[in-house]
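As stored in work08.pdb (PDB, C-alpha atoms):
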ATOM      1  CA  MET A   1      51.372   6.303   7.194
ATOM      2  CA  GLN A   2      53.388   4.516   4.500
ATOM      3  CA  THR A   3      51.248   3.782   1.425
ATOM      4  CA  LYS A   4      53.747   1.865  -0.715
ATOM      5  CA  MET A   5      53.886  -1.846  -0.035
ATOM      6  CA  SER A   6      57.268  -3.473   0.364
ATOM      7  CA  LYS A   7      58.160  -5.790  -2.507
ATOM      8  CA  GLY A   8      59.244  -8.264   0.136
ATOM      9  CA  TYR A   9      55.629  -8.940   1.133
ATOM     10  CA  ALA A  10      54.627  -9.632  -2.476
ATOM     11  CA  ALA A  11      57.654 -11.904  -2.915
ATOM     12  CA  MET A  12      56.787 -13.752   0.313
ATOM     13  CA  TRP A  13      53.238 -14.499  -0.825
ATOM     14  CA  ALA A  14      54.382 -15.403  -4.351
ATOM     15  CA  PHE A  15      56.785 -17.901  -2.771
ATOM     16  CA  PHE A  16      54.001 -19.289  -0.565
ATOM     17  CA  ALA A  17      51.763 -19.772  -3.620
ATOM     18  CA  ALA A  18      54.514 -21.435  -5.677
ATOM     19  CA  ALA A  19      55.597 -23.776  -2.876
ATOM     20  CA  TYR A  20      51.983 -24.703  -2.115
ATOM     21  CA  GLY A  21      51.240 -25.308  -5.800
ATOM     22  CA  VAL A  22      54.226 -27.649  -6.178
ATOM     23  CA  TRP A  23      53.312 -29.493  -2.968
ATOM     24  CA  MET A  24      49.734 -29.997  -4.096
ATOM     25  CA  ALA A  25      50.647 -30.948  -7.670
ATOM     26  CA  VAL A  26      53.546 -33.302  -6.927
ATOM     27  CA  PHE A  27      53.140 -34.771  -3.436
ATOM     28  CA  MET A  28      49.464 -34.639  -2.422
ATOM     29  CA  PRO A  29      47.485 -36.260  -5.271
ATOM     30  CA  LYS A  30      48.334 -39.803  -4.147
ATOM     31  CA  TYR A  31      46.903 -39.076  -0.696
ATOM     32  CA  VAL A  32      43.848 -37.076  -1.684
ATOM     33  CA  LEU A  33      42.878 -39.132  -4.748
ATOM     34  CA  ASP A  34      44.107 -42.599  -3.767
ATOM     35  CA  ASN A  35      44.765 -43.137  -0.079
ATOM     36  CA  TYR A  36      41.692 -41.232   1.098
ATOM     37  CA  GLU A  37      39.572 -43.631  -0.962
ATOM     38  CA  ASN A  38      41.386 -46.860  -0.058
ATOM     39  CA  ILE A  39      41.899 -46.460   3.689
ATOM     40  CA  PRO A  40      40.301 -49.371   5.592
ATOM     41  CA  ALA A  41      37.139 -48.555   7.535
ATOM     42  CA  GLU A  42      38.625 -49.821  10.789
ATOM     43  CA  SER A  43      41.410 -47.241  10.575
ATOM     44  CA  ILE A  44      39.096 -44.242  10.772
ATOM     45  CA  ILE A  45      38.457 -42.421  14.050
ATOM     46  CA  ASP A  46      36.493 -44.555  16.532
ATOM     47  CA  GLY A  47      35.939 -47.147  13.825
ATOM     48  CA  LYS A  48      33.576 -44.841  11.954
ATOM     49  CA  PHE A  49      34.020 -44.985   8.201
ATOM     50  CA  TYR A  50      33.671 -41.851   6.088
ATOM     51  CA  PRO A  51      33.166 -42.835   2.427
ATOM     52  CA  ASP A  52      34.460 -39.599   0.898
ATOM     53  CA  ILE A  53      37.106 -37.888   3.026
ATOM     54  CA  SER A  54      38.391 -35.871   0.062
ATOM     55  CA  GLY A  55      35.006 -34.858  -1.353
ATOM     56  CA  MET A  56      36.369 -36.000  -4.731
ATOM     57  CA  THR A  57      35.584 -39.715  -4.837
ATOM     58  CA  GLY A  58      34.472 -40.490  -8.376
ATOM     59  CA  ALA A  59      35.199 -36.893  -9.394
ATOM     60  CA  HIS A  60      38.984 -36.575  -9.517
ATOM     61  CA  TRP A  61      38.691 -33.697 -11.970
ATOM     62  CA  LEU A  62      37.791 -31.554  -8.955
ATOM     63  CA  TYR A  63      41.330 -31.833  -7.607
ATOM     64  CA  PRO A  64      43.085 -29.629 -10.210
ATOM     65  CA  LEU A  65      40.254 -27.118  -9.912
ATOM     66  CA  TRP A  66      40.757 -26.993  -6.151
ATOM     67  CA  VAL A  67      44.511 -26.540  -6.588
ATOM     68  CA  ILE A  68      44.003 -23.666  -9.041
ATOM     69  CA  PHE A  69      41.384 -22.026  -6.824
ATOM     70  CA  SER A  70      43.462 -22.341  -3.640
ATOM     71  CA  VAL A  71      46.628 -21.012  -5.317
ATOM     72  CA  ALA A  72      44.609 -18.047  -6.623
ATOM     73  CA  SER A  73      43.184 -17.433  -3.137
ATOM     74  CA  ILE A  74      46.729 -17.382  -1.741
ATOM     75  CA  LEU A  75      47.880 -14.821  -4.325
ATOM     76  CA  LEU A  76      44.918 -12.632  -3.318
ATOM     77  CA  PHE A  77      46.699 -11.890  -0.042
ATOM     78  CA  ILE A  78      49.019  -9.583  -2.010
ATOM     79  CA  PHE A  79      45.907  -7.686  -3.122
ATOM     80  CA  TYR A  80      44.618  -7.584   0.475
ATOM     81  CA  LEU A  81      47.860  -5.968   1.644
ATOM     82  CA  LYS A  82      47.736  -3.351  -1.104
ATOM     83  CA  LYS A  83      44.080  -2.459  -0.711
ATOM     84  CA  PHE A  84      43.486  -2.726   3.031
ATOM     85  CA  LEU A  85      46.799  -1.562   4.511
ATOM     86  CA  TYR A  86      48.942   0.207   1.936
ATOM     87  CA  CYS A  87      46.280   2.531   0.560
ATOM     88  CA  GLU A  88      45.919   6.292   0.438
ATOM     89  CA  LYS A  89      42.737   6.238   2.509
ATOM     90  CA  GLN A  90      39.997   3.870   3.577
ATOM     91  CA  THR A  91      36.937   4.107   1.356
ATOM     92  CA  LYS A  92      33.335   3.112   2.009
ATOM     93  CA  ALA A  93      33.788   0.179  -0.381
ATOM     94  CA  MET A  94      36.734  -1.096   1.648
ATOM     95  CA  THR A  95      34.784  -0.702   4.867
ATOM     96  CA  ALA A  96      31.831  -2.596   3.440
ATOM     97  CA  ALA A  97      34.033  -5.388   2.080
ATOM     98  CA  ALA A  98      35.885  -5.785   5.387
ATOM     99  CA  ALA A  99      32.622  -5.816   7.340
ATOM    100  CA  VAL A 100      30.948  -8.362   5.053
ATOM    101  CA  ILE A 101      33.828 -10.829   5.121
ATOM    102  CA  LEU A 102      34.220 -10.427   8.896
ATOM    103  CA  VAL A 103      30.548 -11.218   9.537
ATOM    104  CA  ALA A 104      30.587 -14.050   6.987
ATOM    105  CA  GLY A 105      33.703 -15.549   8.574
ATOM    106  CA  CYS A 106      32.365 -15.301  12.118
ATOM    107  CA  VAL A 107      28.980 -16.827  11.225
ATOM    108  CA  PHE A 108      30.485 -19.624   9.148
ATOM    109  CA  VAL A 109      33.152 -20.572  11.708
ATOM    110  CA  THR A 110      30.556 -20.627  14.503
ATOM    111  CA  VAL A 111      27.963 -22.673  12.599
ATOM    112  CA  TYR A 112      30.616 -25.063  11.278
ATOM    113  CA  GLY A 113      31.538 -26.088  14.818
ATOM    114  CA  PHE A 114      28.013 -27.494  15.343
ATOM    115  CA  LEU A 115      27.762 -29.535  12.128
ATOM    116  CA  GLY A 116      27.408 -33.311  12.161
ATOM    117  CA  GLU A 117      25.338 -35.858  14.016
ATOM    118  CA  GLU A 118      27.533 -36.174  17.105
ATOM    119  CA  PRO A 119      25.822 -35.260  20.409
ATOM    120  CA  PHE A 120      26.543 -31.729  21.608
ATOM    121  CA  ILE A 121      28.616 -32.938  24.570
ATOM    122  CA  ASN A 122      30.930 -34.801  22.181
ATOM    123  CA  LYS A 123      31.324 -31.657  20.091
ATOM    124  CA  VAL A 124      32.441 -29.819  23.217
ATOM    125  CA  LYS A 125      34.799 -32.583  24.338
ATOM    126  CA  TYR A 126      36.607 -33.912  21.288
ATOM    127  CA  VAL A 127      35.003 -33.297  17.870
ATOM    128  CA  THR A 128      37.497 -30.991  16.171
ATOM    129  CA  ALA A 129      37.058 -28.852  13.069
ATOM    130  CA  SER A 130      39.114 -31.391  11.139
ATOM    131  CA  MET A 131      36.966 -34.301  12.329
ATOM    132  CA  ILE A 132      33.890 -32.426  11.105
ATOM    133  CA  GLY A 133      35.780 -32.082   7.837
ATOM    134  CA  LEU A 134      35.839 -35.863   7.417
ATOM    135  CA  GLU A 135      32.095 -35.660   6.837
ATOM    136  CA  PHE A 136      32.044 -32.212   5.205
ATOM    137  CA  PRO A 137      35.384 -31.949   3.331
ATOM    138  CA  TRP A 138      34.441 -29.000   1.138
ATOM    139  CA  LEU A 139      33.041 -27.031   4.052
ATOM    140  CA  PHE A 140      36.303 -27.744   5.889
ATOM    141  CA  ARG A 141      38.196 -26.159   3.005
ATOM    142  CA  VAL A 142      35.886 -23.143   3.089
ATOM    143  CA  TRP A 143      36.417 -22.947   6.879
ATOM    144  CA  GLY A 144      40.160 -22.621   6.358
ATOM    145  CA  VAL A 145      40.181 -20.268   3.371
ATOM    146  CA  LEU A 146      37.440 -17.973   4.681
ATOM    147  CA  GLY A 147      38.794 -17.960   8.223
ATOM    148  CA  ALA A 148      42.303 -16.996   7.099
ATOM    149  CA  ALA A 149      41.149 -14.293   4.672
ATOM    150  CA  SER A 150      38.573 -12.714   6.990
ATOM    151  CA  VAL A 151      40.915 -12.386   9.969
ATOM    152  CA  PHE A 152      43.847 -11.187   7.820
ATOM    153  CA  ILE A 153      41.796  -8.561   5.955
ATOM    154  CA  ASN A 154      40.285  -7.129   9.113
ATOM    155  CA  THR A 155      43.622  -7.067  10.899
ATOM    156  CA  LEU A 156      45.037  -5.045   7.997
ATOM    157  CA  TYR A 157      41.976  -2.775   8.056
ATOM    158  CA  CYS A 158      42.500  -2.232  11.792
ATOM    159  CA  TYR A 159      46.171  -1.367  11.298
ATOM    160  CA  ARG A 160      45.330   1.143   8.558
ATOM    161  CA  LYS A 161      42.460   2.710  10.501
ATOM    162  CA  TYR A 162      44.696   3.491  13.472
ATOM    163  CA  GLY A 163      47.734   4.442  11.404
ATOM    164  CA  TYR A 164      49.638   1.473  12.783
ATOM    165  CA  ASN A 165      52.122  -0.846  11.074
ATOM    166  CA  SER A 166      54.012  -3.864  12.347
ATOM    167  CA  ARG A 167      56.332  -5.966  10.201
ATOM    168  CA  ALA A 168      56.265  -8.662  12.843
ATOM    169  CA  GLY A 169      52.462  -8.610  12.855
ATOM    170  CA  ILE A 170      52.139  -8.788   9.068
ATOM    171  CA  ILE A 171      54.678 -11.602   8.744
ATOM    172  CA  ALA A 172      53.131 -13.571  11.620
ATOM    173  CA  GLY A 173      49.651 -13.117  10.155
ATOM    174  CA  SER A 174      50.888 -14.186   6.724
ATOM    175  CA  ILE A 175      52.554 -17.336   8.046
ATOM    176  CA  GLY A 176      49.429 -18.139  10.068
ATOM    177  CA  ALA A 177      47.182 -17.696   7.030
ATOM    178  CA  ILE A 178      49.236 -19.924   4.730
ATOM    179  CA  ALA A 179      49.573 -22.584   7.431
ATOM    180  CA  ILE A 180      45.847 -23.320   7.406
ATOM    181  CA  TYR A 181      46.149 -24.417   3.770
ATOM    182  CA  ILE A 182      48.305 -27.300   4.994
ATOM    183  CA  THR A 183      45.758 -28.287   7.631
ATOM    184  CA  VAL A 184      42.728 -28.308   5.312
ATOM    185  CA  ASN A 185      44.585 -30.538   2.863
ATOM    186  CA  CYS A 186      45.663 -32.967   5.600
ATOM    187  CA  PRO A 187      42.479 -33.768   7.549
ATOM    188  CA  SER A 188      42.808 -35.549  10.863
ATOM    189  CA  VAL A 189      42.120 -39.276  10.849
ATOM    190  CA  GLY A 190      43.270 -40.082  14.370
ATOM    191  CA  SER A 191      46.251 -42.391  14.755
ATOM    192  CA  ASP A 192      48.327 -42.833  11.617
ATOM    193  CA  PRO A 193      47.099 -45.906   9.713
ATOM    194  CA  ALA A 194      50.341 -46.543   7.796
ATOM    195  CA  PRO A 195      50.982 -46.809   4.914
ATOM    196  CA  TYR A 196      47.902 -44.729   4.056
ATOM    197  CA  PHE A 197      48.800 -41.669   6.148
ATOM    198  CA  PRO A 198      52.456 -41.532   7.238
ATOM    199  CA  ARG A 199      53.346 -39.628  10.384
ATOM    200  CA  PRO A 200      54.620 -36.465   8.603
ATOM    201  CA  ARG A 201      51.090 -35.959   7.247
ATOM    202  CA  MET A 202      49.618 -35.887  10.736
ATOM    203  CA  LEU A 203      52.432 -33.683  12.039
ATOM    204  CA  GLY A 204      51.767 -31.322   9.141
ATOM    205  CA  HIS A 205      48.108 -31.216  10.098
ATOM    206  CA  TRP A 206      48.824 -30.382  13.736
ATOM    207  CA  ALA A 207      51.594 -27.907  12.931
ATOM    208  CA  GLY A 208      49.415 -26.097  10.391
ATOM    209  CA  ALA A 209      46.549 -25.721  12.865
ATOM    210  CA  LEU A 210      48.824 -24.508  15.672
ATOM    211  CA  ILE A 211      50.699 -22.029  13.471
ATOM    212  CA  PHE A 212      47.382 -20.734  12.120
ATOM    213  CA  ALA A 213      46.070 -20.077  15.635
ATOM    214  CA  VAL A 214      49.260 -18.372  16.818
ATOM    215  CA  GLY A 215      49.755 -16.485  13.556
ATOM    216  CA  CYS A 216      46.223 -15.061  13.553
ATOM    217  CA  ALA A 217      46.401 -14.013  17.203
ATOM    218  CA  ALA A 218      49.901 -12.504  17.073
ATOM    219  CA  PRO A 219      49.117  -9.386  14.941
ATOM    220  CA  VAL A 220      46.129  -8.536  17.155
ATOM    221  CA  VAL A 221      48.149  -9.045  20.355
ATOM    222  CA  ILE A 222      51.020  -6.935  18.992
ATOM    223  CA  PHE A 223      48.602  -4.125  18.133
ATOM    224  CA  LEU A 224      46.892  -4.359  21.537
ATOM    225  CA  PHE A 225      50.095  -4.221  23.555
ATOM    226  CA  SER A 226      51.496  -1.365  21.493
ATOM    227  CA  THR A 227      48.358   0.749  21.871
ATOM    228  CA  ALA A 228      47.880  -0.296  25.515
ATOM    229  CA  LYS A 229      51.376   0.922  26.327
ATOM    230  CA  ARG A 230      50.721   4.281  24.689
ATOM    231  CA  PHE A 231      47.059   4.983  25.412
ATOM    232  CA  LYS A 232      46.306   2.659  28.350
ATOM    233  CA  GLY A 233      42.608   2.771  29.340
ATOM    234  CA  ARG A 234      40.382   0.665  27.131
ATOM    235  CA  PHE A 235      43.269  -0.721  25.113
ATOM    236  CA  ALA A 236      45.035  -1.966  28.251
ATOM    237  CA  ALA A 237      41.842  -3.515  29.608
ATOM    238  CA  THR A 238      41.131  -5.180  26.266
ATOM    239  CA  ALA A 239      44.672  -6.560  26.072
ATOM    240  CA  VAL A 240      44.273  -8.164  29.498
ATOM    241  CA  VAL A 241      40.879  -9.662  28.601
ATOM    242  CA  PHE A 242      42.017 -10.990  25.212
ATOM    243  CA  VAL A 243      45.207 -12.568  26.527
ATOM    244  CA  GLY A 244      43.239 -13.953  29.474
ATOM    245  CA  LEU A 245      40.808 -15.550  27.040
ATOM    246  CA  LEU A 246      43.677 -17.193  25.164
ATOM    247  CA  LEU A 247      44.948 -18.616  28.445
ATOM    248  CA  VAL A 248      41.471 -19.914  29.323
ATOM    249  CA  MET A 249      41.306 -21.675  25.967
ATOM    250  CA  LEU A 250      44.701 -23.244  26.638
ATOM    251  CA  VAL A 251      43.472 -24.533  29.989
ATOM    252  CA  LEU A 252      40.322 -25.932  28.341
ATOM    253  CA  LEU A 253      42.395 -27.698  25.707
ATOM    254  CA  ILE A 254      44.483 -29.325  28.433
ATOM    255  CA  THR A 255      41.645 -30.216  30.809
ATOM    256  CA  VAL A 256      38.661 -30.844  28.529
ATOM    257  CA  GLY A 257      40.388 -31.636  25.254
ATOM    258  CA  LYS A 258      40.503 -30.136  21.809
ATOM    259  CA  SER A 259      37.249 -29.588  19.963
ATOM    260  CA  ALA A 260      35.884 -27.305  17.251
ATOM    261  CA  ILE A 261      33.800 -25.376  19.796
ATOM    262  CA  ILE A 262      36.763 -24.769  22.128
ATOM    263  CA  GLU A 263      39.013 -23.961  19.168
ATOM    264  CA  ASN A 264      36.448 -21.406  17.986
ATOM    265  CA  ILE A 265      36.549 -19.413  21.244
ATOM    266  CA  PRO A 266      39.654 -17.300  20.453
ATOM    267  CA  MET A 267      38.682 -16.989  16.790
ATOM    268  CA  VAL A 268      35.207 -15.666  17.564
ATOM    269  CA  ALA A 269      36.747 -13.387  20.217
ATOM    270  CA  ALA A 270      39.140 -12.036  17.579
ATOM    271  CA  TYR A 271      36.201 -11.422  15.221
ATOM    272  CA  ILE A 272      34.314  -9.509  17.919
ATOM    273  CA  LEU A 273      37.377  -7.496  18.864
ATOM    274  CA  LEU A 274      38.167  -6.625  15.243
ATOM    275  CA  PHE A 275      34.550  -5.585  14.741
ATOM    276  CA  LEU A 276      34.802  -3.200  17.701
ATOM    277  CA  PHE A 277      38.104  -1.811  16.434
ATOM    278  CA  ASN A 278      37.067  -1.452  12.817
ATOM    279  CA  PHE A 279      33.390  -0.535  12.793
ATOM    280  CA  THR A 280      32.688   1.285  16.052
ATOM    281  CA  HIS A 281      34.079   4.446  17.644
ATOM    282  CA  ILE A 282      34.736   2.926  21.066
ATOM    283  CA  TYR A 283      38.499   2.818  20.644
ATOM    284  CA  ASP A 284      38.609   5.980  18.541
ATOM    285  CA  ARG A 285      37.311   7.835  21.580
ATOM    286  CA  ALA A 286      39.826   6.047  23.797
ATOM    287  CA  ILE A 287      42.593   7.615  21.716
ATOM    288  CA  THR A 288      41.168  11.118  21.424
ATOM    289  CA  ASP A 289      40.109  11.194  25.084
ATOM    290  CA  THR A 290      43.659  10.513  26.275
ATOM    291  CA  SER A 291      45.485  12.510  23.631
ATOM    292  CA  PRO A 292      45.787  16.312  23.515
ATOM    293  CA  GLU A 293      46.472  16.105  19.784
ATOM    294  CA  GLY A 294      43.399  13.941  19.162
ATOM    295  CA  GLU A 295      43.359  12.305  15.753
ATOM    296  CA  ASN A 296      46.926  13.390  15.012
ATOM    297  CA  ASN A 297      48.244  11.309  17.884
ATOM    298  CA  ARG A 298      47.222   7.943  16.533
ATOM    299  CA  PRO A 299      49.974   5.312  16.691
ATOM    300  CA  ASP A 300      52.173   5.208  13.617
ATOM    301  CA  ASN A 301      54.845   2.743  14.653
ATOM    302  CA  THR A 302      56.671   0.050  12.758
ATOM    303  CA  VAL A 303      57.696  -2.936  14.851
TER
END

Take the structure in the file and write it out as structure tokens.
Amino acid sequence: MQTKMSKGYAAMWAFFAAAYGVWMAVFMPKYVLDNYENIPAESIIDGKFYPDISGMTGAHWLYPLWVIFSVASILLFIFYLKKFLYCEKQTKAMTAAAAVILVAGCVFVTVYGFLGEEPFINKVKYVTASMIGLEFPWLFRVWGVLGAASVFINTLYCYRKYGYNSRAGIIAGSIGAIAIYITVNCPSVGSDPAPYFPRPRMLGHWAGALIFAVGCAAPVVIFLFSTAKRFKGRFAATAVVFVGLLLVMLVLLITVGKSAIIENIPMVAAYILLFLFNFTHIYDRAITDTSPEGENNRPDNTV
């Protein structure tokens, strides 16, 4: 297993952080600090007015602090790669850290989907994570940052545990993680009430959410199909179930509509799957049971 991280990954995340910082410093203040406060009440979703979409009304000094914090959290992904994938061995401290952030992410994402005063049926049908963020803007930011970090860290931990590496998986996961930072800074407000929220802002919101979902799922799917091809058994069955679940969610989005609860289905499934991979021996036994070399026959491929 390679233990030296490619400089390309560090450069990629440094570029992400720099581009994000410029975007937030130069282009976004007028929306977050001005337009979010001046948008007419009748332009908000279903005519419902949210007095503080940004969470910074009357406290604009919070904006630069948020920019600094979010840029720092993006740069931490370089640290995650070094410590959870490109390391000599997995330590108890790493295991504990990965487990804590996985549980914290799963609990937070699940609870977040039920926040707000909307009836439960509405939350199932159309209340999205971003719509909840109109009422709880800071929790929406935590939802994005914690969700991206927890899935990314545990995917890296999974790769390292099984001696697996995939350039495609790491790059896809990285792009997915950074994409959510666009979404949390461009909350959904329904149809574009120009000139307050021009169409590119809404397209950025949708694109960020979609890329995040695909980017987080891709590394797990790549790992599943690679191990399923080699070891079959439980890995093959899990690959079928996980992909089937993604298809079910797609059908629900088309037939029922998008909502935070429906959107959480694949994310919670990924959390459960990563927990089974990382902190149980179920799949360890699947490898040793089908491999005459046992532990020495773990996958060590680079895709």

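You will find atom CA of Trp61 of chain A at 24.4 Å from atom CA of Met131 of chain A.
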
- Message: When you look at segment 64-68 of chain A with a cut-off of 9 Å (counting only C-alpha atoms), what residues show up, excluding the ones that are within fewer than 5 positions of it in the same chain? I need them as a VMD selection string.
- Response: chain A and resid 20 to 21 24 to 25 73

- Item | Neighbour list for Leu210 of chain A as number ranges by chain, cut-off 12 Å, all atoms listed in the file, skip fewer than 6 positions in-chain | A: 175-180, 182-183, 203-204, 216-217, 250, 258, 263

- Query: Near Ser54 of chain A, counting only C-alpha atoms, which residues have an atom at most 7 Å away, once you skip same-chain residues fewer than 6 positions from it, shown as a VMD selection string?
  - Reply: chain A and resid 32 36 137

- Task: Find the residues near Gly133 of chain A: any atom within 7 Å, counting all atoms listed in the file, skip ones fewer than 6 places away on the same chain, and give them as a list in words.
- Result: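 The filter keeps Leu139, Phe140 and Pro187 of chain A.
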
- Task: Decode the PyMOL selection byres ((chain A and resi 75) around 9) for the given file into explicit residues and return them as a PyMOL selection string.
- Result: chain A and resi 10+13-14+16-17+70-74+76-79

- Taking the file as shown, find all residues satisfying the PyMOL selection byres ((chain A and resi 6) around 12) and write them as a count of residues only. 19

- Could you work out how far atom CA of Ala270 of chain A lies from atom CA of Glu88 of chain A, giving the answer in Å with one decimal?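 Separation of atom CA of Glu88 of chain A and atom CA of Ala270 of chain A: 26.0 Å.
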
- Query: Any idea what's packed within 10 Å of Ala99 of chain A, counting all atoms listed in the file, ignoring anything in its chain fewer than 3 positions away? Could you give it as a PyMOL selection string?
  - Reply: chain A and resi 93-96+102-105+150+153-154+157+274-275+278-279

- Applied to the shown file, which residues does the PyMOL selection byres ((chain A and resi 51) around 10) return, written as a list in words? Tyr36, Glu37, Asn38, Ile39, Ala41, Lys48, Phe49, Tyr50, Asp52, Ile53, Ser54, Gly55, Thr57, Leu134 and Glu135 of chain A

- Item | Separation of atom CA of Asn264 of chain A from atom CA of Phe277 of chain A, in Å and rounded to one decimal |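 One can read the atom CA of Asn264 of chain A to atom CA of Phe277 of chain A distance as 19.7 Å.
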
Given 5 Å on each side, where is the centre and what are the edge lengths in Å to one decimal of the axis-aligned box enclosing the listed atoms of segment 141-158 of chain A, as JSON?
{"center_x": 40.5, "center_y": -14.2, "center_z": 7.4, "size_x": 19.2, "size_y": 33.9, "size_z": 18.8}

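Proximity of A:Ile101, A:Thr227, A:Leu246, A:Tyr63 to Tyr164 of chain A, computed with only C-alpha atoms, is greatest for A:Thr227.
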
Please, can segment 206-225 of chain A be completed to N, CA and C atoms and returned as a compact mmCIF listing (two decimals), in the coordinates of the input?
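This is the output file out-v3.txt:
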# COMPACT_ATOMS: atom_id res chain seq x y z
N TRP A 206 48.76 -31.03 12.41
CA TRP A 206 48.82 -30.38 13.74
C TRP A 206 49.61 -29.08 13.69
N ALA A 207 50.76 -29.11 13.01
CA ALA A 207 51.59 -27.91 12.93
C ALA A 207 50.86 -26.78 12.22
N GLY A 208 50.16 -27.11 11.12
CA GLY A 208 49.42 -26.10 10.39
C GLY A 208 48.35 -25.44 11.24
N ALA A 209 47.61 -26.26 12.01
CA ALA A 209 46.55 -25.72 12.86
C ALA A 209 47.12 -24.84 13.97
N LEU A 210 48.22 -25.28 14.59
CA LEU A 210 48.82 -24.51 15.67
C LEU A 210 49.40 -23.19 15.16
N ILE A 211 50.10 -23.24 14.04
CA ILE A 211 50.70 -22.03 13.47
C ILE A 211 49.61 -21.05 13.04
N PHE A 212 48.51 -21.58 12.51
CA PHE A 212 47.38 -20.73 12.12
C PHE A 212 46.83 -19.98 13.33
N ALA A 213 46.62 -20.70 14.43
CA ALA A 213 46.07 -20.08 15.64
C ALA A 213 47.00 -19.00 16.17
N VAL A 214 48.28 -19.33 16.28
CA VAL A 214 49.26 -18.37 16.82
C VAL A 214 49.45 -17.20 15.85
N GLY A 215 49.53 -17.52 14.56
CA GLY A 215 49.76 -16.48 13.56
C GLY A 215 48.61 -15.50 13.45
N CYS A 216 47.38 -15.97 13.62
CA CYS A 216 46.22 -15.06 13.55
C CYS A 216 46.13 -14.19 14.80
N ALA A 217 46.50 -14.76 15.95
CA ALA A 217 46.40 -14.01 17.20
C ALA A 217 47.54 -13.00 17.35
N ALA A 218 48.71 -13.34 16.86
CA ALA A 218 49.90 -12.50 17.07
C ALA A 218 49.74 -11.06 16.60
N PRO A 219 49.25 -10.78 15.38
CA PRO A 219 49.12 -9.39 14.94
C PRO A 219 48.17 -8.58 15.82
N VAL A 220 47.09 -9.23 16.29
CA VAL A 220 46.13 -8.54 17.16
C VAL A 220 46.77 -8.24 18.51
N VAL A 221 47.49 -9.23 19.06
CA VAL A 221 48.15 -9.04 20.36
C VAL A 221 49.21 -7.96 20.26
N ILE A 222 49.99 -7.96 19.18
CA ILE A 222 51.02 -6.94 18.99
C ILE A 222 50.39 -5.54 18.96
N PHE A 223 49.30 -5.41 18.21
CA PHE A 223 48.60 -4.12 18.13
C PHE A 223 48.07 -3.72 19.50
N LEU A 224 47.47 -4.66 20.23
CA LEU A 224 46.89 -4.36 21.54
C LEU A 224 47.95 -3.89 22.53
N PHE A 225 49.07 -4.59 22.58
CA PHE A 225 50.10 -4.22 23.56
C PHE A 225 50.75 -2.90 23.19
